[in-house]
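Peer 1: Contents of structure-v5.txt (compact mmCIF, C-alpha atoms and all ligand atoms) are below:
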```txt
# COMPACT_ATOMS: atom_id res chain seq x y z
CA MET E 803 5.74 -0.48 -17.97
CA ARG E 804 8.59 1.99 -18.35
CA TRP E 805 10.68 2.59 -15.23
CA SER E 806 14.36 1.68 -15.72
CA GLY E 807 15.41 5.26 -16.42
CA GLY E 808 13.56 6.52 -13.38
CA ARG E 809 15.19 8.27 -10.47
CA GLN E 810 16.20 6.28 -7.40
CA GLY E 811 15.39 8.26 -4.28
CA GLY E 812 17.36 5.99 -1.99
CA ASP E 813 14.96 6.18 0.97
CA ILE E 814 14.97 2.39 1.08
CA GLU E 815 16.16 0.43 4.07
CA ASP E 816 17.36 -2.94 2.87
CA ARG E 817 17.02 -5.61 5.55
CA ARG E 818 17.02 -8.49 3.11
CA GLY E 819 19.36 -11.32 3.95
CA MET E 820 19.28 -10.51 7.63
CA GLY E 821 16.97 -13.42 8.34
CA GLY E 822 13.84 -13.61 10.42
CA GLY E 823 16.02 -14.19 13.45
CA ALA E 824 16.11 -10.45 13.96
CA VAL E 825 12.71 -10.83 15.61
CA GLY E 826 12.78 -12.46 19.00
CA GLY E 827 9.78 -13.70 20.93
CA ILE E 828 7.02 -13.22 18.39
CA GLY E 829 3.69 -13.28 20.12
CA ALA E 830 5.17 -12.69 23.54
CA GLY E 831 4.20 -9.05 23.63
CA GLY E 832 0.83 -7.80 24.69
CA VAL E 833 -0.36 -4.98 22.50
CA ILE E 834 -2.45 -5.72 19.46
CA LEU E 835 -2.73 -3.02 16.88
CA ALA E 836 -6.37 -2.15 16.62
CA LEU E 837 -6.47 -0.67 13.17
CA ILE E 838 -6.23 -3.26 10.48
CA GLY E 839 -6.63 -1.23 7.37
CA TYR E 840 -3.08 -1.20 6.19
CA PHE E 841 -2.73 -4.39 4.26
CA VAL E 842 -3.26 -5.09 0.66
CA PHE E 843 -5.40 -8.00 1.69
CA GLY E 844 -7.06 -8.76 4.97
CA ILE E 845 -5.72 -11.19 7.51
CA ASP E 846 -7.11 -11.30 11.00
CA PRO E 847 -4.84 -8.87 12.83
CA GLN E 848 -5.10 -10.85 16.04
CA THR E 849 -3.10 -13.64 14.46
CA THR E 850 -0.50 -11.46 12.86
CA LEU E 851 -0.03 -8.24 14.72
CA GLU E 852 0.98 -9.12 18.22
CA THR E 853 3.83 -6.88 19.08
CA VAL E 854 7.20 -8.06 20.24
CA GLY E 855 7.50 -5.41 22.90
CA GLN E 856 6.80 -1.78 23.60
CA GLY E 857 7.70 1.19 21.51
CA ALA E 858 9.74 1.45 18.40
CA PRO E 859 12.06 -1.33 17.28
CA GLN E 860 15.79 -1.06 17.65
CA GLN E 861 17.45 0.57 14.71
CA GLN E 862 18.52 -2.12 12.28
CA ALA E 863 22.01 -2.16 10.88
CA GLY E 864 20.77 -2.87 7.38
CA ALA E 865 22.67 -2.11 4.23
CA GLN E 866 22.38 1.61 3.57
CA GLY E 867 22.00 3.40 0.28
CA ALA E 868 20.01 2.64 -2.81
CA PRO E 869 19.61 -1.04 -3.71
CA GLN E 870 21.50 -2.10 -6.83
CA ASP E 871 19.74 -5.33 -7.75
CA GLU E 872 16.87 -5.27 -10.24
CA ALA E 873 14.10 -6.06 -7.74
CA GLY E 874 15.35 -3.52 -5.23
CA ARG E 875 15.85 -0.85 -7.88
CA PHE E 876 12.29 -1.37 -9.09
CA VAL E 877 10.86 -0.69 -5.64
CA ASP E 878 13.14 2.32 -5.24
CA VAL E 879 12.21 3.86 -8.59
CA ILE E 880 8.47 3.31 -8.12
CA ALA E 881 8.45 4.59 -4.53
CA THR E 882 10.45 7.64 -5.61
CA SER E 883 8.00 8.26 -8.44
CA VAL E 884 5.02 7.97 -6.09
CA ASP E 885 6.70 10.36 -3.64
CA ASP E 886 7.45 12.83 -6.44
CA VAL E 887 3.79 12.85 -7.48
CA TRP E 888 2.58 13.46 -3.90
CA MET E 889 5.27 16.06 -3.36
CA GLN E 890 3.83 17.99 -6.29
CA ILE E 891 0.20 17.55 -5.19
CA PHE E 892 0.94 18.66 -1.63
CA ARG E 893 2.97 21.62 -2.87
CA GLN E 894 0.08 22.75 -5.09
CA GLN E 895 -2.09 22.80 -1.97
CA GLY E 896 0.52 24.72 0.02
CA GLU E 897 1.35 21.66 2.13
CA ARG E 898 4.56 19.78 2.70
CA TYR E 899 4.91 16.10 1.90
CA THR E 900 7.45 14.01 3.77
CA PRO E 901 8.13 10.66 2.08
CA PRO E 902 7.90 7.43 4.05
CA LYS E 903 10.85 5.09 4.30
CA VAL E 904 10.41 1.77 2.49
CA VAL E 905 11.83 -1.26 4.27
CA LEU E 906 12.68 -4.39 2.29
CA TYR E 907 12.86 -7.54 4.39
CA ASP E 908 12.70 -11.34 4.30
CA GLN E 909 10.30 -13.39 6.40
CA ALA E 910 10.04 -11.21 9.49
CA THR E 911 11.26 -7.90 10.86
CA PRO E 912 10.55 -5.64 13.81
CA THR E 913 8.35 -2.60 13.08
CA GLY E 914 6.77 0.21 15.06
CA CYS E 915 3.51 -1.78 14.77
CA GLY E 916 4.85 -5.08 16.05
CA SER E 917 6.47 -7.92 14.18
CA GLY E 918 6.18 -7.59 10.42
CA GLN E 919 5.82 -10.96 8.74
CA ALA E 920 5.80 -11.95 5.11
CA ALA E 921 2.44 -13.72 5.49
CA MET E 922 0.80 -10.36 6.18
CA GLY E 923 1.62 -9.04 2.75
CA PRO E 924 2.89 -5.50 2.22
CA PHE E 925 1.77 -3.00 4.83
CA TYR E 926 2.24 0.52 6.11
CA CYS E 927 2.90 1.21 9.78
CA PRO E 928 1.61 4.65 10.81
CA GLN E 929 3.59 4.61 14.05
CA ASP E 930 7.00 4.63 12.37
CA GLN E 931 5.71 5.93 9.01
CA GLN E 932 7.35 3.12 7.07
CA VAL E 933 6.18 0.82 4.30
CA TYR E 934 7.20 -2.84 4.79
CA LEU E 935 7.67 -5.08 1.82
CA ASP E 936 8.81 -8.69 1.58
CA LEU E 937 9.49 -9.19 -2.11
CA SER E 938 8.33 -12.81 -1.99
CA PHE E 939 4.87 -11.21 -2.17
CA TRP E 940 5.44 -10.60 -5.87
CA GLN E 941 5.41 -14.37 -6.44
CA GLU E 942 2.21 -14.64 -4.47
CA LEU E 943 0.69 -11.80 -6.45
CA SER E 944 1.34 -13.51 -9.78
CA GLY E 945 0.81 -17.07 -8.54
CA ARG E 946 -1.98 -17.16 -5.97
CA PHE E 947 -3.63 -13.93 -7.08
CA GLY E 948 -2.97 -14.24 -10.80
CA ALA E 949 -1.88 -10.60 -11.10
CA ASP E 950 1.20 -10.50 -13.31
CA GLY E 951 3.33 -7.65 -14.47
CA GLU E 952 5.34 -4.81 -13.07
CA ALA E 953 2.34 -2.51 -13.03
CA ALA E 954 0.54 -4.85 -10.62
CA ARG E 955 3.51 -4.54 -8.27
CA ALA E 956 3.67 -0.81 -8.75
CA TYR E 957 -0.03 -0.59 -7.81
CA VAL E 958 0.76 -2.34 -4.52
CA ILE E 959 3.62 0.07 -3.72
CA ALA E 960 1.50 3.09 -4.64
CA HIS E 961 -1.39 1.77 -2.52
CA GLU E 962 0.85 1.43 0.54
CA ILE E 963 2.29 4.92 0.08
CA GLY E 964 -1.34 6.02 -0.26
CA HIS E 965 -1.75 4.93 3.36
CA HIS E 966 1.15 7.20 4.25
CA VAL E 967 -0.66 10.10 2.58
CA GLN E 968 -3.73 9.25 4.68
CA ASN E 969 -1.56 9.31 7.78
CA LEU E 970 -0.24 12.76 6.88
CA THR E 971 -3.71 14.13 6.15
CA GLY E 972 -5.35 12.50 9.19
CA GLN E 973 -7.78 10.45 7.10
CA ASN E 974 -6.66 7.26 8.83
CA ARG E 975 -7.87 8.69 12.14
CA THR E 976 -11.24 9.45 10.56
CA ALA E 977 -11.38 5.82 9.47
CA GLU E 978 -10.60 4.56 12.95
CA ARG E 979 -13.77 6.21 14.21
CA MET E 980 -15.83 4.48 11.53
CA GLY E 981 -15.19 0.85 12.31
CA ALA E 982 -12.81 -1.86 11.23
CA ARG E 983 -15.14 -4.28 9.50
CA GLY E 984 -18.13 -4.35 7.20
CA GLU E 985 -19.10 -2.97 3.82
CA ASN E 986 -19.29 0.67 4.92
CA SER E 987 -16.62 0.57 7.62
CA GLY E 988 -13.83 3.07 7.97
CA SER E 989 -11.38 0.35 7.04
CA VAL E 990 -13.05 -0.29 3.68
CA ARG E 991 -13.26 3.45 2.98
CA LEU E 992 -9.59 3.86 3.86
CA GLU E 993 -8.52 0.98 1.62
CA LEU E 994 -10.60 2.14 -1.34
CA GLN E 995 -9.16 5.62 -0.96
CA ALA E 996 -5.64 4.14 -1.02
CA ASP E 997 -6.60 2.35 -4.24
CA CYS E 998 -7.81 5.64 -5.67
CA TYR E 999 -4.55 7.29 -4.59
CA ALA E 1000 -2.63 4.55 -6.41
CA GLY E 1001 -4.57 5.57 -9.50
CA VAL E 1002 -3.71 9.24 -8.91
CA TRP E 1003 -0.04 8.26 -8.98
CA ALA E 1004 -0.53 6.32 -12.22
CA ALA E 1005 -2.19 9.37 -13.76
CA HIS E 1006 0.74 11.68 -12.99
CA ALA E 1007 3.76 9.35 -13.11
CA GLU E 1008 4.78 10.13 -16.67
CA GLU E 1009 4.44 13.90 -16.43
CA VAL E 1010 6.21 14.17 -13.05
CA SER E 1011 9.12 11.93 -14.11
CA ALA E 1012 9.56 13.63 -17.50
CA GLY E 1013 8.64 10.36 -19.19
CA GLN E 1014 11.05 8.11 -17.30
CA VAL E 1015 8.26 6.28 -15.47
CA ALA E 1016 5.11 5.59 -17.42
CA LEU E 1017 2.16 3.23 -17.62
CA ASN E 1018 0.48 2.37 -20.88
CA PRO E 1019 -3.17 1.24 -21.10
CA LYS E 1020 -2.17 -2.41 -20.72
CA ASP E 1021 -0.29 -1.55 -17.53
CA VAL E 1022 -3.40 0.13 -16.16
CA GLU E 1023 -5.28 -3.09 -16.95
CA ASP E 1024 -2.65 -5.04 -14.98
CA GLY E 1025 -3.15 -2.66 -12.08
CA LEU E 1026 -6.90 -3.13 -12.27
CA ARG E 1027 -6.46 -6.90 -12.34
CA ALA E 1028 -4.32 -6.71 -9.19
CA ALA E 1029 -6.93 -4.51 -7.47
CA SER E 1030 -9.59 -7.05 -8.41
CA ALA E 1031 -7.51 -10.01 -7.23
CA VAL E 1032 -7.23 -8.64 -3.70
CA GLY E 1033 -10.91 -7.75 -3.28
CA ASP E 1034 -12.53 -9.09 -0.11
CA ASP E 1035 -15.24 -11.05 -1.93
CA THR E 1036 -12.73 -12.76 -4.21
CA LEU E 1037 -10.45 -13.64 -1.31
CA GLN E 1038 -13.34 -14.86 0.82
CA ARG E 1039 -14.63 -17.04 -1.99
CA GLN E 1040 -11.14 -18.56 -2.33
CA THR E 1041 -10.50 -19.14 1.35
CA GLN E 1042 -13.94 -19.90 2.79
CA GLY E 1043 -16.09 -20.56 -0.24
CA ARG E 1044 -18.61 -17.81 0.45
CA VAL E 1045 -18.85 -14.02 0.64
CA VAL E 1046 -19.41 -12.32 3.99
CA PRO E 1047 -19.81 -8.55 3.46
CA ASP E 1048 -19.97 -7.92 7.23
CA ALA E 1049 -16.34 -9.08 7.40
CA PHE E 1050 -15.13 -6.81 4.60
CA THR E 1051 -12.01 -4.80 5.44
CA HIS E 1052 -10.81 -3.69 1.99
CA GLY E 1053 -13.83 -3.62 -0.30
CA SER E 1054 -14.99 -5.91 -3.08
CA SER E 1055 -13.03 -6.55 -6.26
CA GLU E 1056 -15.44 -4.41 -8.21
CA GLN E 1057 -15.09 -1.53 -5.71
CA ARG E 1058 -11.30 -1.73 -5.64
CA MET E 1059 -11.16 -1.57 -9.43
CA ARG E 1060 -13.68 1.25 -9.53
CA TRP E 1061 -11.75 3.47 -7.11
CA PHE E 1062 -8.40 2.74 -8.74
CA ARG E 1063 -9.98 3.81 -12.02
CA VAL E 1064 -11.37 7.02 -10.50
CA GLY E 1065 -7.79 7.92 -9.53
CA VAL E 1066 -6.37 7.05 -12.96
CA GLU E 1067 -9.07 8.92 -14.86
CA THR E 1068 -9.22 12.09 -12.78
CA GLY E 1069 -5.69 12.31 -11.36
CA ASP E 1070 -7.36 14.31 -8.62
CA PRO E 1071 -7.07 13.15 -5.00
CA ARG E 1072 -10.13 15.22 -4.05
CA ARG E 1073 -12.16 12.80 -6.16
CA CYS E 1074 -10.96 10.01 -3.86
CA ASP E 1075 -13.15 11.08 -0.93
CA THR E 1076 -14.47 7.65 -0.06
CA PHE E 1077 -15.44 8.95 3.38
CA ARG E 1078 -18.13 11.21 1.98
CA ALA E 1079 -19.08 9.13 -1.04
CA PRO E 1080 -22.78 8.20 -0.77
CA SER E 1081 -22.03 4.82 -2.29
CA LEU E 1082 -18.75 2.98 -2.53
ZN ZN N 1101 -4.17 -1.11 2.23
```
Could the structure of this file be written out as structure tokens, please?
Ligand SMILES: [Zn+2]
Peer 2:
Amino acid sequence: MRWSGGRQGGDIEDRRGMGGGAVGGIGAGGVILALIGYFVFGIDPQTTLETVGQGAPQQQAGAQGAPQDEAGRFVDVIATSVDDVWMQIFRQQGERYTPPKVVLYDQATPTGCGSGQAAMGPFYCPQDQQVYLDLSFWQELSGRFGADGEAARAYVIAHEIGHHVQNLTGQNRTAERMGARGENSGSVRLELQADCYAGVWAAHAEEVSAGQVALNPKDVEDGLRAASAVGDDTLQRQTQGRVVPDAFTHGSSEQRMRWFRVGVETGDPRRCDTFRAPSL
């Protein structure tokens, strides 16, 4: 995957090295976020999303400016590329796109949706419009999930920013009305749409970045492998030995690959309408 010449947008908040101690009293708060559809893979939100208090977290005094290390630069360049693609798509439709902030953290950090923890995997919080990413997930992605390569990581970043797009367009509120669990739930539709949106980014990355960010066919395969690895059926088989479609939150491996491919092949977000698709 080509990316090193890509633009760094700098809308990254780097909280790495601040330690999980920034979060006090995990689990002490009362509110549990009802909508669970923001994670790359599903974890019972009741165990992970108890908030640490009310309202938005205190502003963190993290290092400002664009990250200079390789791992931080990668996230910055990919997020900037994804934002540039959506900026163009929104503009073509006469709309304005406002990029989300991307927060890098270790272990745990306060968020507008409660305590963010590495075990949750990457997620988007609609309340503060920020993507949260603990980079130790990359090891999990290649180790536990067997999805190697930079393009697999880029797919994850593009998927999370896809949730931001859904927040801007109101599609996440449509999903909330359609249920949090089960094969045809709003959650599954929302997640598959975010996969499709990740594909839309992949389709336009090269053209929008004047060639500085680009995926070749092998990279697209890596992205598809990552989408497959985090399918509900695959994860359920690994963790509980059987597949329970009624508990689906993100869609099957086959569905996640299919919708990512729709995005890559059409480059058209209108083709990502998983809410009206007769079959997923
Ligand atoms: Zn998601």
Peer 1: Using all atoms listed in the file, which of E:Thr1051, E:Gln931, E:Thr1041, E:Ser987 sits nearest ligand ZN 1101 (chain N)?
Peer 2: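 Residue with the minimum atom-to-atom distance to ligand ZN 1101 (chain N): E:Thr1051.
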Peer 1: Go ahead and compute the interatomic distance for atom CA of Leu1037 of chain E and atom CA of Phe925 of chain E, in Å to one decimal.
Peer 2: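 For atom CA of Leu1037 of chain E relative to atom CA of Phe925 of chain E, the distance reads 17.3 Å.
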Peer 1: Using Å and a single decimal, report how far atom CA of Gly951 of chain E sits from atom CA of Val884 of chain E.
Peer 2: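 Separation of atom CA of Val884 of chain E and atom CA of Gly951 of chain E: 17.8 Å.
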Peer 1: Report, in Å with one decimal, the straight-line distance from atom CA of Phe1062 of chain E to atom CA of Ala1031 of chain E.
Peer 2: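 Distance between the two atoms: 12.9 Å.
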Peer 1: Applying 7 Å and only C-alpha atoms, which residues near Arg818 of chain E remain after dropping the ones on its own chain fewer than 5 positions away? List them as a list in words.
Peer 2: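 Everything that qualifies: Leu906, Tyr907 and Asp908 of chain E.
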Peer 1: From the list E:Arg1063, E:Phe1050, E:Tyr926, E:Ala949, which residue is nearest ligand ZN 1101 (chain N) when using all atoms listed in the file?
Peer 2: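 Smallest separation from ligand ZN 1101 (chain N) among the options: E:Tyr926.
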Peer 1: Using only C-alpha atoms, what table do you get, as JSON lines, when you list each residue of segment 1035-1078 of chain E with an atom no more than 10 Å from segment 1010-1028 of chain E, its nearest pair of atoms, and their distance in Å rounded to one decimal, rows by chain then rising number?
Peer 2:
```
{"residue": "E:Ser1055", "atom": "CA", "partner": "E:Arg1027", "partner_atom": "CA", "distance": 9.0}
{"residue": "E:Glu1056", "atom": "CA", "partner": "E:Leu1026", "partner_atom": "CA", "distance": 9.5}
{"residue": "E:Arg1058", "atom": "CA", "partner": "E:Leu1026", "partner_atom": "CA", "distance": 8.1}
{"residue": "E:Met1059", "atom": "CA", "partner": "E:Leu1026", "partner_atom": "CA", "distance": 5.4}
{"residue": "E:Arg1060", "atom": "CA", "partner": "E:Leu1026", "partner_atom": "CA", "distance": 8.5}
{"residue": "E:Trp1061", "atom": "CA", "partner": "E:Leu1026", "partner_atom": "CA", "distance": 9.7}
{"residue": "E:Phe1062", "atom": "CA", "partner": "E:Leu1026", "partner_atom": "CA", "distance": 7.0}
{"residue": "E:Arg1063", "atom": "CA", "partner": "E:Leu1026", "partner_atom": "CA", "distance": 7.6}
{"residue": "E:Val1066", "atom": "CA", "partner": "E:Val1022", "partner_atom": "CA", "distance": 8.2}
```
Peer 1: If we count all atoms listed in the file, what is near Ile814 of chain E at a cut-off of 8 Å, once residues fewer than 4 positions away on the same chain are taken out, given as a ChimeraX atom specification?
Peer 2: /E:866-869,878,903-906
Peer 1: Name the residues in contact with Gln973 of chain E at a cut-off of 10 Å, using only C-alpha atoms, excluding same-chain residues fewer than 5 positions from it; report them as a list in words.
Peer 2: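 Skipping anything fewer than 5 positions along the chain leaves His965, His966, Val967, Gln968, Glu978, Gly988, Arg991, Leu992, Gln995, Asp1075 and Phe1077 of chain E.
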Peer 1: Find the residue from E:Asp813, E:Asp1034, E:Asp886, E:Asp936 that sits nearest to Ala910 of chain E; use only C-alpha atoms when measuring.
Peer 2: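 Smallest separation from Ala910 of chain E among the options: E:Asp936.
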Peer 1: Between E:Ala881, E:Ala956, E:Leu970, E:Ala920, which one has atoms that come closest to Thr900 of chain E, using all atoms listed in the file?
Peer 2: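 Distance minimum relative to Thr900 of chain E lands on E:Leu970.
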Peer 1: Choose the residue, out of E:Val1002, E:Val1032, E:Met803, E:Ala1007, that has the smallest atom-to-atom separation from ligand ZN 1101 (chain N); count only C-alpha atoms and all ligand atoms.
Peer 2: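 Among the listed residues, E:Val1032 lies closest to ligand ZN 1101 (chain N).
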Peer 1: Give as a list in words each residue that has an atom at most 12 Å from (2.4, -12.7, -10.8) in the file, counting all atoms listed in the file.
Peer 2: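 Protein and nucleic acid residues near the point are Leu937, Ser938, Phe939, Trp940, Gln941, Glu942, Leu943, Ser944, Gly945, Arg946, Phe947, Gly948, Ala949, Asp950, Gly951, Glu952, Ala953, Ala954, Arg955, Asp1024, Gly1025, Arg1027, Ala1028 and Ala1031 of chain E.
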Peer 1: Can I get the selected residues back with C-alpha atoms, as a tab-separated table (two decimals), in the frame of the given file?
Peer 2:
```tsv
chain	number	residue	atom	x	y	z
E	937	LEU	CA	9.49	-9.19	-2.11
E	938	SER	CA	8.33	-12.81	-1.99
E	939	PHE	CA	4.87	-11.21	-2.17
E	940	TRP	CA	5.44	-10.60	-5.87
E	941	GLN	CA	5.41	-14.37	-6.44
E	942	GLU	CA	2.21	-14.64	-4.47
E	943	LEU	CA	0.69	-11.80	-6.45
E	944	SER	CA	1.34	-13.51	-9.78
E	945	GLY	CA	0.81	-17.07	-8.54
E	946	ARG	CA	-1.98	-17.16	-5.97
E	947	PHE	CA	-3.63	-13.93	-7.08
E	948	GLY	CA	-2.97	-14.24	-10.80
E	949	ALA	CA	-1.88	-10.60	-11.10
E	950	ASP	CA	1.20	-10.50	-13.31
E	951	GLY	CA	3.33	-7.65	-14.47
E	952	GLU	CA	5.34	-4.81	-13.07
E	953	ALA	CA	2.34	-2.51	-13.03
E	954	ALA	CA	0.54	-4.85	-10.62
E	955	ARG	CA	3.51	-4.54	-8.27
E	1024	ASP	CA	-2.65	-5.04	-14.98
E	1025	GLY	CA	-3.15	-2.66	-12.08
E	1027	ARG	CA	-6.46	-6.90	-12.34
E	1028	ALA	CA	-4.32	-6.71	-9.19
E	1031	ALA	CA	-7.51	-10.01	-7.23
```
Peer 1: Which is closer to ligand ZN 1101 (chain N) than all the others in E:Glu1008, E:Glu993, E:Asp1070, E:Asp885, using all atoms listed in the file?
Peer 2: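 The answer is E:Glu993, which sits nearest to ligand ZN 1101 (chain N).
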Peer 1: Up to 6 Å from (13.3, 3.3, -4.5) in the file's coordinates: name the residues, counting all atoms listed in the file, as an MDAnalysis selection string.
Peer 2: chainID E and resid 810:812 814 875 877:879 881:882
Peer 1: Find the smallest box with edges along x, y and z containing every listed atom of segment 949-966 of chain E, then add 6 Å on each side and report centre and edge lengths in Å to one decimal, as lines of an AutoDock Vina configuration file.
Peer 2:
```
center_x = 1.7
center_y = -1.7
center_z = -5.1
size_x = 19.2
size_y = 29.8
size_z = 30.7
```
Peer 1: Do a neighbour search on Ala921 of chain E at 8 Å with only C-alpha atoms, toss out local chain neighbours closer than 2 positions, and write the hits as a VMD selection string.
Peer 2: chain E and resid 909 919 923
Peer 1: Can you put N, CA and C atoms back into segment 909-926 of chain E and show it as a short mmCIF file (atom, residue, chain, number, x, y, z; two decimals), keeping the file's coordinate frame?
Peer 2:
```cif
data_model
loop_
_atom_site.label_atom_id
_atom_site.label_comp_id
_atom_site.auth_asym_id
_atom_site.auth_seq_id
_atom_site.Cartn_x
_atom_site.Cartn_y
_atom_site.Cartn_z
N GLN E 909 10.95 -12.59 5.35
CA GLN E 909 10.30 -13.39 6.40
C GLN E 909 9.72 -12.59 7.55
N ALA E 910 10.54 -11.93 8.32
CA ALA E 910 10.04 -11.21 9.49
C ALA E 910 10.98 -10.09 9.86
N THR E 911 10.42 -9.02 10.43
CA THR E 911 11.26 -7.90 10.86
C THR E 911 10.52 -7.08 11.91
N PRO E 912 11.23 -6.48 12.84
CA PRO E 912 10.55 -5.64 13.81
C PRO E 912 10.06 -4.33 13.17
N THR E 913 8.88 -3.86 13.59
CA THR E 913 8.35 -2.60 13.08
C THR E 913 7.75 -1.83 14.26
N GLY E 914 7.43 -0.58 14.04
CA GLY E 914 6.77 0.21 15.06
C GLY E 914 5.36 -0.28 15.38
N CYS E 915 4.85 -1.22 14.57
CA CYS E 915 3.51 -1.78 14.77
C CYS E 915 3.59 -3.24 15.19
N GLY E 916 4.70 -3.68 15.69
CA GLY E 916 4.85 -5.08 16.05
C GLY E 916 5.68 -5.81 15.01
N SER E 917 5.63 -7.13 15.09
CA SER E 917 6.47 -7.92 14.18
C SER E 917 5.86 -7.95 12.79
N GLY E 918 6.63 -7.49 11.80
CA GLY E 918 6.18 -7.59 10.42
C GLY E 918 6.53 -8.96 9.89
N GLN E 919 5.54 -9.62 9.27
CA GLN E 919 5.82 -10.96 8.74
C GLN E 919 5.33 -11.07 7.32
N ALA E 920 6.08 -11.85 6.54
CA ALA E 920 5.80 -11.95 5.11
C ALA E 920 4.36 -12.36 4.84
N ALA E 921 3.80 -13.22 5.71
CA ALA E 921 2.44 -13.72 5.49
C ALA E 921 1.41 -12.61 5.52
N MET E 922 1.74 -11.46 6.11
CA MET E 922 0.80 -10.36 6.18
C MET E 922 0.67 -9.62 4.85
N GLY E 923 1.62 -9.84 3.96
CA GLY E 923 1.62 -9.04 2.75
C GLY E 923 2.18 -7.67 3.04
N PRO E 924 2.33 -6.85 2.03
CA PRO E 924 2.89 -5.50 2.22
C PRO E 924 2.00 -4.68 3.15
N PHE E 925 2.59 -3.84 3.96
CA PHE E 925 1.77 -3.00 4.83
C PHE E 925 2.50 -1.70 5.17
N TYR E 926 1.71 -0.76 5.66
CA TYR E 926 2.24 0.52 6.11
C TYR E 926 2.02 0.61 7.60
#
```
